Structure formats: C-alpha cells, structure tokens
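Enquirer: Input structure: protein-v3.tsv, which contains TSV, C-alpha atoms and all ligand atoms.
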chain	number	residue	atom	x	y	z
A	5	MET	CA	-61.85	282.43	88.83
A	6	PRO	CA	-61.25	278.71	89.52
A	7	ILE	CA	-57.79	277.67	90.55
A	8	ILE	CA	-56.45	275.11	88.09
A	9	ALA	CA	-54.05	272.78	89.80
A	10	GLU	CA	-50.92	272.18	87.75
A	11	GLY	CA	-50.96	268.50	88.59
A	12	SER	CA	-54.36	267.65	87.17
A	13	LEU	CA	-56.46	267.78	84.04
A	14	ASP	CA	-60.09	266.97	83.27
A	15	PHE	CA	-61.41	265.72	79.98
A	16	LEU	CA	-64.91	264.86	78.81
A	17	SER	CA	-65.03	261.98	76.36
A	18	HIS	CA	-68.09	261.61	74.15
A	19	SER	CA	-67.27	258.21	72.65
A	20	PRO	CA	-65.03	255.14	72.96
A	21	GLU	CA	-63.14	256.40	69.90
A	22	GLN	CA	-62.42	259.69	71.64
A	23	THR	CA	-61.17	257.88	74.76
A	24	LEU	CA	-58.95	255.75	72.53
A	25	ARG	CA	-57.55	258.83	70.77
A	26	ILE	CA	-56.82	260.60	74.05
A	27	GLY	CA	-54.95	257.45	75.09
A	28	VAL	CA	-52.90	257.52	71.88
A	29	ARG	CA	-51.88	261.12	72.59
A	30	LEU	CA	-50.75	260.14	76.07
A	31	GLY	CA	-49.03	256.97	74.88
A	32	GLU	CA	-46.86	258.99	72.50
A	33	LEU	CA	-45.35	260.68	75.56
A	34	ILE	CA	-44.69	257.56	77.64
A	35	GLN	CA	-41.07	257.04	78.66
A	36	PRO	CA	-39.33	253.98	80.14
A	37	GLY	CA	-40.33	253.55	83.78
A	38	ASP	CA	-43.59	255.49	83.60
A	39	VAL	CA	-46.42	254.19	85.79
A	40	VAL	CA	-49.95	254.98	84.63
A	41	CYS	CA	-52.89	253.92	86.81
A	42	MET	CA	-56.45	253.65	85.56
A	43	ALA	CA	-59.18	253.66	88.19
A	44	GLY	CA	-62.91	253.50	87.65
A	45	ASP	CA	-65.93	251.21	87.90
A	46	LEU	CA	-66.60	248.32	85.53
A	47	GLY	CA	-67.04	249.47	81.95
A	48	THR	CA	-65.86	253.03	82.44
A	49	GLY	CA	-63.18	252.70	79.76
A	50	LYS	CA	-59.97	251.67	81.53
A	51	THR	CA	-59.07	249.07	78.92
A	52	THR	CA	-60.14	251.41	76.12
A	53	ILE	CA	-57.74	254.14	77.21
A	54	ALA	CA	-55.02	251.54	77.90
A	55	ARG	CA	-55.43	250.31	74.32
A	56	GLY	CA	-54.92	253.86	73.08
A	57	ILE	CA	-51.87	254.39	75.29
A	58	ALA	CA	-50.26	251.17	74.06
A	59	ARG	CA	-50.96	252.15	70.43
A	60	GLY	CA	-49.51	255.61	70.96
A	61	TRP	CA	-46.48	254.09	72.67
A	62	GLY	CA	-45.97	252.17	69.46
A	63	THR	CA	-46.93	248.54	69.81
A	64	LEU	CA	-48.60	246.58	67.04
A	65	ASP	CA	-49.56	243.86	69.51
A	66	ILE	CA	-53.23	243.28	70.26
A	67	VAL	CA	-54.22	245.07	73.46
A	68	THR	CA	-56.86	243.26	75.48
A	69	SER	CA	-57.82	243.32	79.11
A	70	PRO	CA	-55.40	241.11	81.03
A	71	THR	CA	-58.12	240.26	83.56
A	72	PHE	CA	-57.44	236.53	83.42
A	73	VAL	CA	-53.70	236.47	82.91
A	74	LEU	CA	-53.22	239.56	85.13
A	75	ILE	CA	-50.40	240.94	83.03
A	76	ASN	CA	-49.79	241.51	79.32
A	77	GLU	CA	-46.50	242.45	77.71
A	78	TYR	CA	-46.48	244.59	74.56
A	79	ARG	CA	-43.50	244.87	72.24
A	80	ARG	CA	-42.16	247.56	70.03
A	81	ALA	CA	-39.62	247.50	67.19
A	82	ASP	CA	-36.89	249.02	69.37
A	83	THR	CA	-37.14	246.04	71.80
A	84	SER	CA	-38.55	248.13	74.65
A	85	ARG	CA	-41.55	246.76	76.51
A	86	LEU	CA	-44.79	248.05	77.96
A	87	TYR	CA	-46.65	246.09	80.64
A	88	HIS	CA	-50.41	246.10	81.23
A	89	PHE	CA	-51.60	244.84	84.58
A	90	ASP	CA	-55.17	244.29	85.80
A	91	ALA	CA	-55.65	243.88	89.55
A	92	PHE	CA	-59.37	243.14	89.30
A	93	ARG	CA	-58.99	239.53	90.40
A	94	LEU	CA	-56.64	240.18	93.25
A	95	SER	CA	-58.05	240.07	96.72
A	96	GLU	CA	-54.86	240.93	98.55
A	97	SER	CA	-51.82	242.83	97.43
A	98	ILE	CA	-49.62	239.93	98.50
A	99	ASP	CA	-50.73	238.25	95.26
A	100	ALA	CA	-49.39	241.20	93.35
A	101	ILE	CA	-46.07	240.87	95.10
A	102	GLU	CA	-46.03	237.18	94.20
A	103	ILE	CA	-46.49	237.81	90.51
A	104	GLY	CA	-43.65	240.24	90.58
A	105	LEU	CA	-45.36	243.60	90.38
A	106	LEU	CA	-42.90	245.01	92.85
A	107	GLU	CA	-39.98	243.73	90.82
A	108	LEU	CA	-41.41	245.41	87.75
A	109	PHE	CA	-41.52	248.73	89.58
A	110	GLU	CA	-37.94	248.24	90.72
A	111	GLU	CA	-36.84	247.46	87.17
A	112	LYS	CA	-38.34	250.78	86.08
A	113	VAL	CA	-40.40	249.35	83.26
A	114	SER	CA	-43.34	251.25	81.78
A	115	ILE	CA	-46.60	249.89	83.13
A	116	LEU	CA	-50.33	250.49	82.81
A	117	ILE	CA	-52.42	249.36	85.79
A	118	GLU	CA	-56.18	248.76	85.87
A	119	TRP	CA	-57.86	248.64	89.31
A	120	PRO	CA	-54.79	250.22	90.97
A	121	GLU	CA	-56.69	250.73	94.23
A	122	ARG	CA	-56.45	246.96	94.75
A	123	VAL	CA	-52.66	247.12	94.85
A	124	ALA	CA	-52.42	250.57	96.41
A	125	GLU	CA	-49.74	249.49	98.89
A	126	VAL	CA	-47.22	248.59	96.22
A	127	ILE	CA	-47.87	251.37	93.72
A	128	PRO	CA	-45.07	253.96	93.59
A	129	GLU	CA	-45.95	257.26	95.17
A	130	GLU	CA	-44.99	259.07	91.99
A	131	ARG	CA	-47.32	258.14	89.14
A	132	LEU	CA	-49.95	259.36	86.72
A	133	TRP	CA	-53.43	258.50	87.95
A	134	ILE	CA	-56.43	258.45	85.61
A	135	SER	CA	-59.90	258.26	87.18
A	136	LEU	CA	-62.70	257.38	84.79
A	137	ARG	CA	-66.31	258.13	85.59
A	138	TRP	CA	-69.45	256.90	83.87
A	139	LEU	CA	-71.67	259.86	82.91
A	140	ASP	CA	-74.08	258.23	80.48
A	141	GLU	CA	-74.15	255.53	77.78
A	142	SER	CA	-71.54	257.25	75.64
A	143	ARG	CA	-69.87	259.84	77.84
A	144	ARG	CA	-67.09	259.40	80.39
A	145	GLY	CA	-65.37	261.89	82.64
A	146	LEU	CA	-61.59	261.48	82.65
A	147	HIS	CA	-59.56	263.00	85.46
A	148	PHE	CA	-55.77	262.91	85.15
A	149	SER	CA	-53.61	263.66	88.17
A	150	ALA	CA	-49.85	263.70	88.43
A	151	VAL	CA	-47.69	263.05	91.47
A	152	GLY	CA	-43.99	263.77	91.17
A	153	PRO	CA	-41.93	265.93	88.79
A	154	ARG	CA	-41.78	263.37	85.98
A	155	TYR	CA	-45.58	263.10	85.87
A	156	GLU	CA	-46.17	266.83	86.21
A	157	ARG	CA	-43.93	267.22	83.16
A	158	LEU	CA	-45.82	264.46	81.35
A	159	LEU	CA	-49.18	266.06	82.12
A	160	LYS	CA	-47.93	269.45	81.00
A	161	ASP	CA	-46.82	268.01	77.66
A	162	PHE	CA	-50.07	266.08	77.40
A	163	ARG	CA	-52.10	269.24	78.05
A	164	LYS	CA	-50.20	270.91	75.21
A	165	VAL	CA	-51.01	268.21	72.67
A	166	VAL	CA	-54.63	267.90	73.81
A	167	PHE	CA	-55.59	271.53	74.36
A	168	GLY	CA	-52.77	273.21	72.49
A	169	GLY	CA	-51.87	275.45	75.39
B	201	LIG	N1	-66.73	257.71	76.05
B	201	LIG	C1	-66.42	256.42	76.22
B	201	LIG	N2	-65.16	256.07	76.55
B	201	LIG	C2	-64.83	254.76	76.73
B	201	LIG	N3	-65.69	253.73	76.62
B	201	LIG	C3	-66.95	254.03	76.30
B	201	LIG	C4	-67.37	255.36	76.09
B	201	LIG	N4	-68.69	255.34	75.78
B	201	LIG	C5	-69.06	254.06	75.79
B	201	LIG	N5	-68.04	253.24	76.09
B	201	LIG	C6	-68.13	251.78	76.20
B	201	LIG	O1	-67.85	251.42	77.53
B	201	LIG	C7	-67.13	250.19	77.55
B	201	LIG	C8	-65.78	250.40	78.23
B	201	LIG	O2	-65.16	249.14	78.32
B	201	LIG	P1	-63.70	248.94	78.88
B	201	LIG	O3	-63.41	247.49	78.75
B	201	LIG	O4	-62.77	249.91	78.26
B	201	LIG	O5	-63.92	249.33	80.41
B	201	LIG	P2	-63.10	248.91	81.70
B	201	LIG	O6	-63.16	250.09	82.60
B	201	LIG	O7	-61.77	248.40	81.31
B	201	LIG	O8	-63.99	247.74	82.28
B	201	LIG	P3	-63.52	246.55	83.29
B	201	LIG	O9	-63.56	247.13	84.66
B	201	LIG	O10	-64.60	245.52	83.09
B	201	LIG	O11	-62.17	246.08	82.88
B	201	LIG	C9	-66.98	249.74	76.11
B	201	LIG	O12	-68.02	248.87	75.80
B	201	LIG	C10	-67.11	251.05	75.34
B	201	LIG	O13	-67.61	250.86	74.03
B	202	MG	MG	-60.70	246.59	81.75
Before anything else, please render the file you have as structure tokens.
Expert:
Amino acid sequence: MPIIAEGSLDFLSHSPEQTLRIGVRLGELIQPGDVVCMAGDLGTGKTTIARGIARGWGTLDIVTSPTFVLINEYRRADTSRLYHFDAFRLSESIDAIEIGLLELFEEKVSILIEWPERVAEVIPEERLWISLRWLDESRRGLHFSAVGPRYERLLKDFRKVVFGG
C-alpha cells in the first residue's frame, strides 16, 4: 500500500481545458496572502493553470503570460488584488528584489509565480508548489505540494473539491 503524503497531490490532465478547470477549482479557494508557484518546462501549462486560478479567484480581467512585463495585476469586484509574476526573463534574483517581489510577499498579497526556481531565494518557505510535466501532446502531469499549515489546509480542501474525498 503506497503511503500518500498529506502535503501533496497528483493529477493527470488530458487537455488544456482540464488544466484550466483544475485551476478554477484551486482559484476558488485562494485567500489573501496565498503564494502559488508554478514550475515546469516551456509549454507545460503554467500560464494555462494560472488563467484558471485567476478565473476561479474571481477576476474578469484578461489573464495572459506576464513574460514581458514580469507582473500582472488582476482585479475583483471587492477591490482585492491577485498578482501574476513570471520570472522567465530574470537572470538573477536581485532583479526580482528590484521590482518589488519581496515587498509583495511582505504585504501578504495573493500571488501566482511562473518559473519560481529563478527567484527561489526570495520565495517564502511556506507556499503551494505546482510542478507541471509534459507527458505527450495533450497530457500533462500536475504535482501539487504544500509547505506550511495554510497550504496543507488549502490542499486538503482542494482534494475534496477535485476528488470528493
Ligand atoms: N493537458 C494540457 N494542459 C495544459 N496545456 C496543454 C495541455 N495539453 C496541451 N496543452 C498546450 O500546451 C500549451 C501550454 O501553454 P502555456 O502557455 O500554458 O505553458 P507555460 O508553461 O506557461 O509556457 P511558458 O514557459 O512558455 O510560459 C498550450 O498551447 C496548451 O494548449
Ligand atoms: Mg507561461
């Protein structure tokens, strides 16, 4: 019998639409201050799941990869904000500090981060980490792992809405 770690969850996505929907389910659970990292090679679906998360969180803003502007800000009717950061173009984490990533973490805003490995030094220890893996043209392996009580709770709730258990 395999041991299922409480702090992680695996999901097999068969299509971009399914990755988007799984993101929506997660986004519905996002609270102020949550940090969600999305790691994976080019084209594995980081922006696709981020789009779902932002939709589920409740924005009507267009969600695109912030590769060139580094950070996007999404709004919601209740005036709260969700940030979407892409570290792809950063070579050193000092750049991230310069654009205020650290300040955002200190302000406890909700933030989605693509290419988090590139800013590993400034990412809070406690976070939800999503690793996306290319399996074939239409399938992706999604691995969710939680560090810290807030994210273990989040993952538990997420598991319930996804698997009903
Ligand atoms: N199951 C799947 N889940 C997500 N995307 C998929 C899936 N199957 C195929 N795709 C395709 O893979 C691509 C994923 O693109 P996306 O921009 O989300 O990736 P990314 O990881 O953000 O890439 P980048 O590193 O360039 O930012 C899209 O073209 C999408 O249609
Ligand atoms: Mg992307």
Enquirer: Counting only C-alpha atoms and all ligand atoms, which of A:Leu86, A:Leu33, A:Leu116, A:Ile127 gets nearest to ligand MG 202 (chain B)?
Expert: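 The shortest atom-to-atom distance to ligand MG 202 (chain B) comes from A:Leu116.
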Enquirer: Identify which of the residues A:Gly37, A:Lys160, A:Gly11, A:Leu146 lies closest to Thr23 (chain A), counting all atoms listed in the file when measuring atom-to-atom distances.
Expert: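 Looking only at the distances to Thr23 (chain A), the closest residue turns out to be A:Leu146.
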Enquirer: Expressed in Å to a single decimal, how great is the separation between atom C8 of ligand LIG 201 (chain B) and CA of Glu141 (chain A)?
Expert: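 Spanning atom C8 of ligand LIG 201 (chain B) to CA of Glu141 (chain A) is a straight-line distance of 9.8 Å.
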Enquirer: Step by step, measure atom-to-atom distances between ligand LIG 201 (chain B) and each residue using all atoms listed in the file, keep those at most 7 Å, then write them as a PyMOL selection string.
Expert: chain A and resi 17-23+44-53+69+141-144
Enquirer: I'd like the interatomic distance between CA of His88 (chain A) and CA of Thr68 (chain A), to a tenth of an Å.
Expert: 9.1 Å
Enquirer: For ligand MG 202 (chain B), which residue among A:Met42, A:Val28, A:Leu159, A:Val126 is the nearest when counting only C-alpha atoms and all ligand atoms?
Expert: A:Met42
Enquirer: Have a look at CA of Asp65 (chain A) and CA of Arg79 (chain A) and let me know their distance in Å, one decimal.
Expert: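 Distance between the two atoms: 6.7 Å.
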Enquirer: Could you list, as number ranges by chain, every residue within 10 Å of Ser12 (chain A), counting all atoms listed in the file and ignoring same-chain residues fewer than 2 positions away?
Expert: A: 8-10, 14, 132-134, 147-151, 155-156, 159-160, 163
Enquirer: Out of A:Tyr78, A:Asp90, A:Gly104, A:Glu130, which residue has the shortest atom-to-atom distance to ligand MG 202 (chain B) when counting all atoms listed in the file?
Expert: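 Going through A:Tyr78, A:Asp90, A:Gly104, A:Glu130 one by one, the smallest distance to ligand MG 202 (chain B) is for A:Asp90.
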Enquirer: Between A:Leu16, A:Ala43, A:Glu118, A:Gly31, which one has atoms that come closest to Val165 (chain A), using all atoms listed in the file?
Expert: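 Of A:Leu16, A:Ala43, A:Glu118, A:Gly31, the one nearest Val165 (chain A) is A:Gly31, counting all atoms listed in the file.
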Enquirer: Considering only C-alpha atoms, state which residue in the set A:Ala58, A:Val39, A:Leu74, A:Leu30 is at the smallest distance from Glu110 (chain A).
Expert: A:Val39
Enquirer: Which polymer residues, whether protein, DNA or RNA, lie within 12 Å of the coordinate (-51.7, 251.4, 94.9) when you count all atoms listed in the file? List them as a compact mmCIF listing (two decimals) with C-alpha atoms, keeping the file's coordinate frame, using the chain letters and numbers from the file.
Expert:
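Contents of the output file selection-v5.txt:
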# COMPACT_ATOMS: atom_id res chain seq x y z
CA VAL A 39 -46.42 254.19 85.79
CA VAL A 40 -49.95 254.98 84.63
CA CYS A 41 -52.89 253.92 86.81
CA MET A 42 -56.45 253.65 85.56
CA ALA A 43 -59.18 253.66 88.19
CA ALA A 91 -55.65 243.88 89.55
CA GLU A 96 -54.86 240.93 98.55
CA SER A 97 -51.82 242.83 97.43
CA ALA A 100 -49.39 241.20 93.35
CA ILE A 101 -46.07 240.87 95.10
CA LEU A 105 -45.36 243.60 90.38
CA LEU A 106 -42.90 245.01 92.85
CA PHE A 109 -41.52 248.73 89.58
CA ILE A 117 -52.42 249.36 85.79
CA GLU A 118 -56.18 248.76 85.87
CA TRP A 119 -57.86 248.64 89.31
CA PRO A 120 -54.79 250.22 90.97
CA GLU A 121 -56.69 250.73 94.23
CA ARG A 122 -56.45 246.96 94.75
CA VAL A 123 -52.66 247.12 94.85
CA ALA A 124 -52.42 250.57 96.41
CA GLU A 125 -49.74 249.49 98.89
CA VAL A 126 -47.22 248.59 96.22
CA ILE A 127 -47.87 251.37 93.72
CA PRO A 128 -45.07 253.96 93.59
CA GLU A 129 -45.95 257.26 95.17
CA GLU A 130 -44.99 259.07 91.99
CA ARG A 131 -47.32 258.14 89.14
CA LEU A 132 -49.95 259.36 86.72
CA TRP A 133 -53.43 258.50 87.95
Enquirer: Atoms are missing here; could region 20-46 of chain A be completed with N, CA, C and O atoms and written as a PDB file, in the coordinates of the input?
Expert:
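Okay, selection_24.pdb is ready:
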ATOM      1  N   PRO A  20     -66.188 256.023  72.758  1.00  0.00           N
ATOM      2  CA  PRO A  20     -65.030 255.140  72.960  1.00  0.00           C
ATOM      3  C   PRO A  20     -63.862 255.548  72.061  1.00  0.00           C
ATOM      4  O   PRO A  20     -62.707 255.477  72.478  1.00  0.00           O
ATOM      5  N   GLU A  21     -64.192 255.992  70.847  1.00  0.00           N
ATOM      6  CA  GLU A  21     -63.140 256.400  69.900  1.00  0.00           C
ATOM      7  C   GLU A  21     -62.365 257.593  70.451  1.00  0.00           C
ATOM      8  O   GLU A  21     -61.143 257.678  70.297  1.00  0.00           O
ATOM      9  N   GLN A  22     -63.088 258.509  71.089  1.00  0.00           N
ATOM     10  CA  GLN A  22     -62.420 259.690  71.640  1.00  0.00           C
ATOM     11  C   GLN A  22     -61.526 259.291  72.827  1.00  0.00           C
ATOM     12  O   GLN A  22     -60.415 259.813  72.977  1.00  0.00           O
ATOM     13  N   THR A  23     -61.994 258.361  73.632  1.00  0.00           N
ATOM     14  CA  THR A  23     -61.170 257.880  74.760  1.00  0.00           C
ATOM     15  C   THR A  23     -59.913 257.187  74.230  1.00  0.00           C
ATOM     16  O   THR A  23     -58.815 257.378  74.757  1.00  0.00           O
ATOM     17  N   LEU A  24     -60.093 256.416  73.152  1.00  0.00           N
ATOM     18  CA  LEU A  24     -58.950 255.750  72.530  1.00  0.00           C
ATOM     19  C   LEU A  24     -57.941 256.781  72.016  1.00  0.00           C
ATOM     20  O   LEU A  24     -56.737 256.662  72.261  1.00  0.00           O
ATOM     21  N   ARG A  25     -58.445 257.807  71.338  1.00  0.00           N
ATOM     22  CA  ARG A  25     -57.550 258.830  70.770  1.00  0.00           C
ATOM     23  C   ARG A  25     -56.800 259.594  71.848  1.00  0.00           C
ATOM     24  O   ARG A  25     -55.622 259.912  71.690  1.00  0.00           O
ATOM     25  N   ILE A  26     -57.478 259.873  72.959  1.00  0.00           N
ATOM     26  CA  ILE A  26     -56.820 260.600  74.050  1.00  0.00           C
ATOM     27  C   ILE A  26     -55.699 259.713  74.634  1.00  0.00           C
ATOM     28  O   ILE A  26     -54.629 260.189  75.002  1.00  0.00           O
ATOM     29  N   GLY A  27     -55.971 258.404  74.650  1.00  0.00           N
ATOM     30  CA  GLY A  27     -54.950 257.450  75.090  1.00  0.00           C
ATOM     31  C   GLY A  27     -53.748 257.445  74.170  1.00  0.00           C
ATOM     32  O   GLY A  27     -52.602 257.439  74.618  1.00  0.00           O
ATOM     33  N   VAL A  28     -53.995 257.503  72.860  1.00  0.00           N
ATOM     34  CA  VAL A  28     -52.900 257.520  71.880  1.00  0.00           C
ATOM     35  C   VAL A  28     -52.008 258.738  72.123  1.00  0.00           C
ATOM     36  O   VAL A  28     -50.778 258.629  72.157  1.00  0.00           O
ATOM     37  N   ARG A  29     -52.639 259.892  72.331  1.00  0.00           N
ATOM     38  CA  ARG A  29     -51.880 261.120  72.590  1.00  0.00           C
ATOM     39  C   ARG A  29     -50.981 260.975  73.810  1.00  0.00           C
ATOM     40  O   ARG A  29     -49.837 261.439  73.822  1.00  0.00           O
ATOM     41  N   LEU A  30     -51.528 260.344  74.845  1.00  0.00           N
ATOM     42  CA  LEU A  30     -50.750 260.140  76.070  1.00  0.00           C
ATOM     43  C   LEU A  30     -49.640 259.110  75.839  1.00  0.00           C
ATOM     44  O   LEU A  30     -48.500 259.308  76.260  1.00  0.00           O
ATOM     45  N   GLY A  31     -50.002 258.046  75.128  1.00  0.00           N
ATOM     46  CA  GLY A  31     -49.030 256.970  74.880  1.00  0.00           C
ATOM     47  C   GLY A  31     -47.801 257.446  74.131  1.00  0.00           C
ATOM     48  O   GLY A  31     -46.695 256.944  74.344  1.00  0.00           O
ATOM     49  N   GLU A  32     -47.982 258.445  73.271  1.00  0.00           N
ATOM     50  CA  GLU A  32     -46.860 258.990  72.500  1.00  0.00           C
ATOM     51  C   GLU A  32     -45.825 259.661  73.412  1.00  0.00           C
ATOM     52  O   GLU A  32     -44.693 259.878  73.004  1.00  0.00           O
ATOM     53  N   LEU A  33     -46.241 259.975  74.629  1.00  0.00           N
ATOM     54  CA  LEU A  33     -45.350 260.680  75.560  1.00  0.00           C
ATOM     55  C   LEU A  33     -44.732 259.761  76.617  1.00  0.00           C
ATOM     56  O   LEU A  33     -43.910 260.195  77.425  1.00  0.00           O
ATOM     57  N   ILE A  34     -45.150 258.504  76.606  1.00  0.00           N
ATOM     58  CA  ILE A  34     -44.690 257.560  77.640  1.00  0.00           C
ATOM     59  C   ILE A  34     -43.205 257.238  77.494  1.00  0.00           C
ATOM     60  O   ILE A  34     -42.729 256.942  76.401  1.00  0.00           O
ATOM     61  N   GLN A  35     -42.508 257.324  78.618  1.00  0.00           N
ATOM     62  CA  GLN A  35     -41.070 257.040  78.660  1.00  0.00           C
ATOM     63  C   GLN A  35     -40.819 255.776  79.485  1.00  0.00           C
ATOM     64  O   GLN A  35     -41.676 255.385  80.288  1.00  0.00           O
ATOM     65  N   PRO A  36     -39.628 255.166  79.335  1.00  0.00           N
ATOM     66  CA  PRO A  36     -39.330 253.980  80.140  1.00  0.00           C
ATOM     67  C   PRO A  36     -39.500 254.281  81.635  1.00  0.00           C
ATOM     68  O   PRO A  36     -39.058 255.323  82.110  1.00  0.00           O
ATOM     69  N   GLY A  37     -40.161 253.393  82.328  1.00  0.00           N
ATOM     70  CA  GLY A  37     -40.330 253.550  83.780  1.00  0.00           C
ATOM     71  C   GLY A  37     -41.599 254.263  84.196  1.00  0.00           C
ATOM     72  O   GLY A  37     -41.909 254.335  85.381  1.00  0.00           O
ATOM     73  N   ASP A  38     -42.361 254.778  83.235  1.00  0.00           N
ATOM     74  CA  ASP A  38     -43.590 255.490  83.600  1.00  0.00           C
ATOM     75  C   ASP A  38     -44.659 254.523  84.132  1.00  0.00           C
ATOM     76  O   ASP A  38     -44.870 253.446  83.586  1.00  0.00           O
ATOM     77  N   VAL A  39     -45.333 254.960  85.188  1.00  0.00           N
ATOM     78  CA  VAL A  39     -46.420 254.190  85.790  1.00  0.00           C
ATOM     79  C   VAL A  39     -47.722 254.958  85.591  1.00  0.00           C
ATOM     80  O   VAL A  39     -47.836 256.105  86.026  1.00  0.00           O
ATOM     81  N   VAL A  40     -48.665 254.336  84.896  1.00  0.00           N
ATOM     82  CA  VAL A  40     -49.950 254.980  84.630  1.00  0.00           C
ATOM     83  C   VAL A  40     -51.070 254.108  85.201  1.00  0.00           C
ATOM     84  O   VAL A  40     -51.226 252.949  84.811  1.00  0.00           O
ATOM     85  N   CYS A  41     -51.817 254.662  86.150  1.00  0.00           N
ATOM     86  CA  CYS A  41     -52.890 253.920  86.810  1.00  0.00           C
ATOM     87  C   CYS A  41     -54.235 254.343  86.243  1.00  0.00           C
ATOM     88  O   CYS A  41     -54.467 255.521  86.003  1.00  0.00           O
ATOM     89  N   MET A  42     -55.120 253.360  86.058  1.00  0.00           N
ATOM     90  CA  MET A  42     -56.450 253.650  85.560  1.00  0.00           C
ATOM     91  C   MET A  42     -57.489 253.119  86.512  1.00  0.00           C
ATOM     92  O   MET A  42     -57.647 251.903  86.666  1.00  0.00           O
ATOM     93  N   ALA A  43     -58.185 254.045  87.188  1.00  0.00           N
ATOM     94  CA  ALA A  43     -59.180 253.660  88.190  1.00  0.00           C
ATOM     95  C   ALA A  43     -60.566 254.019  87.689  1.00  0.00           C
ATOM     96  O   ALA A  43     -60.745 254.998  86.958  1.00  0.00           O
ATOM     97  N   GLY A  44     -61.539 253.234  88.075  1.00  0.00           N
ATOM     98  CA  GLY A  44     -62.910 253.500  87.650  1.00  0.00           C
ATOM     99  C   GLY A  44     -63.717 252.226  87.689  1.00  0.00           C
ATOM    100  O   GLY A  44     -63.164 251.131  87.613  1.00  0.00           O
ATOM    101  N   ASP A  45     -65.043 252.374  87.801  1.00  0.00           N
ATOM    102  CA  ASP A  45     -65.930 251.210  87.900  1.00  0.00           C
ATOM    103  C   ASP A  45     -65.863 250.367  86.632  1.00  0.00           C
ATOM    104  O   ASP A  45     -65.295 250.793  85.627  1.00  0.00           O
ATOM    105  N   LEU A  46     -66.500 249.215  86.677  1.00  0.00           N
ATOM    106  CA  LEU A  46     -66.600 248.320  85.530  1.00  0.00           C
ATOM    107  C   LEU A  46     -67.152 249.081  84.324  1.00  0.00           C
ATOM    108  O   LEU A  46     -68.133 249.817  84.455  1.00  0.00           O
TER     109      LEU A  46
END
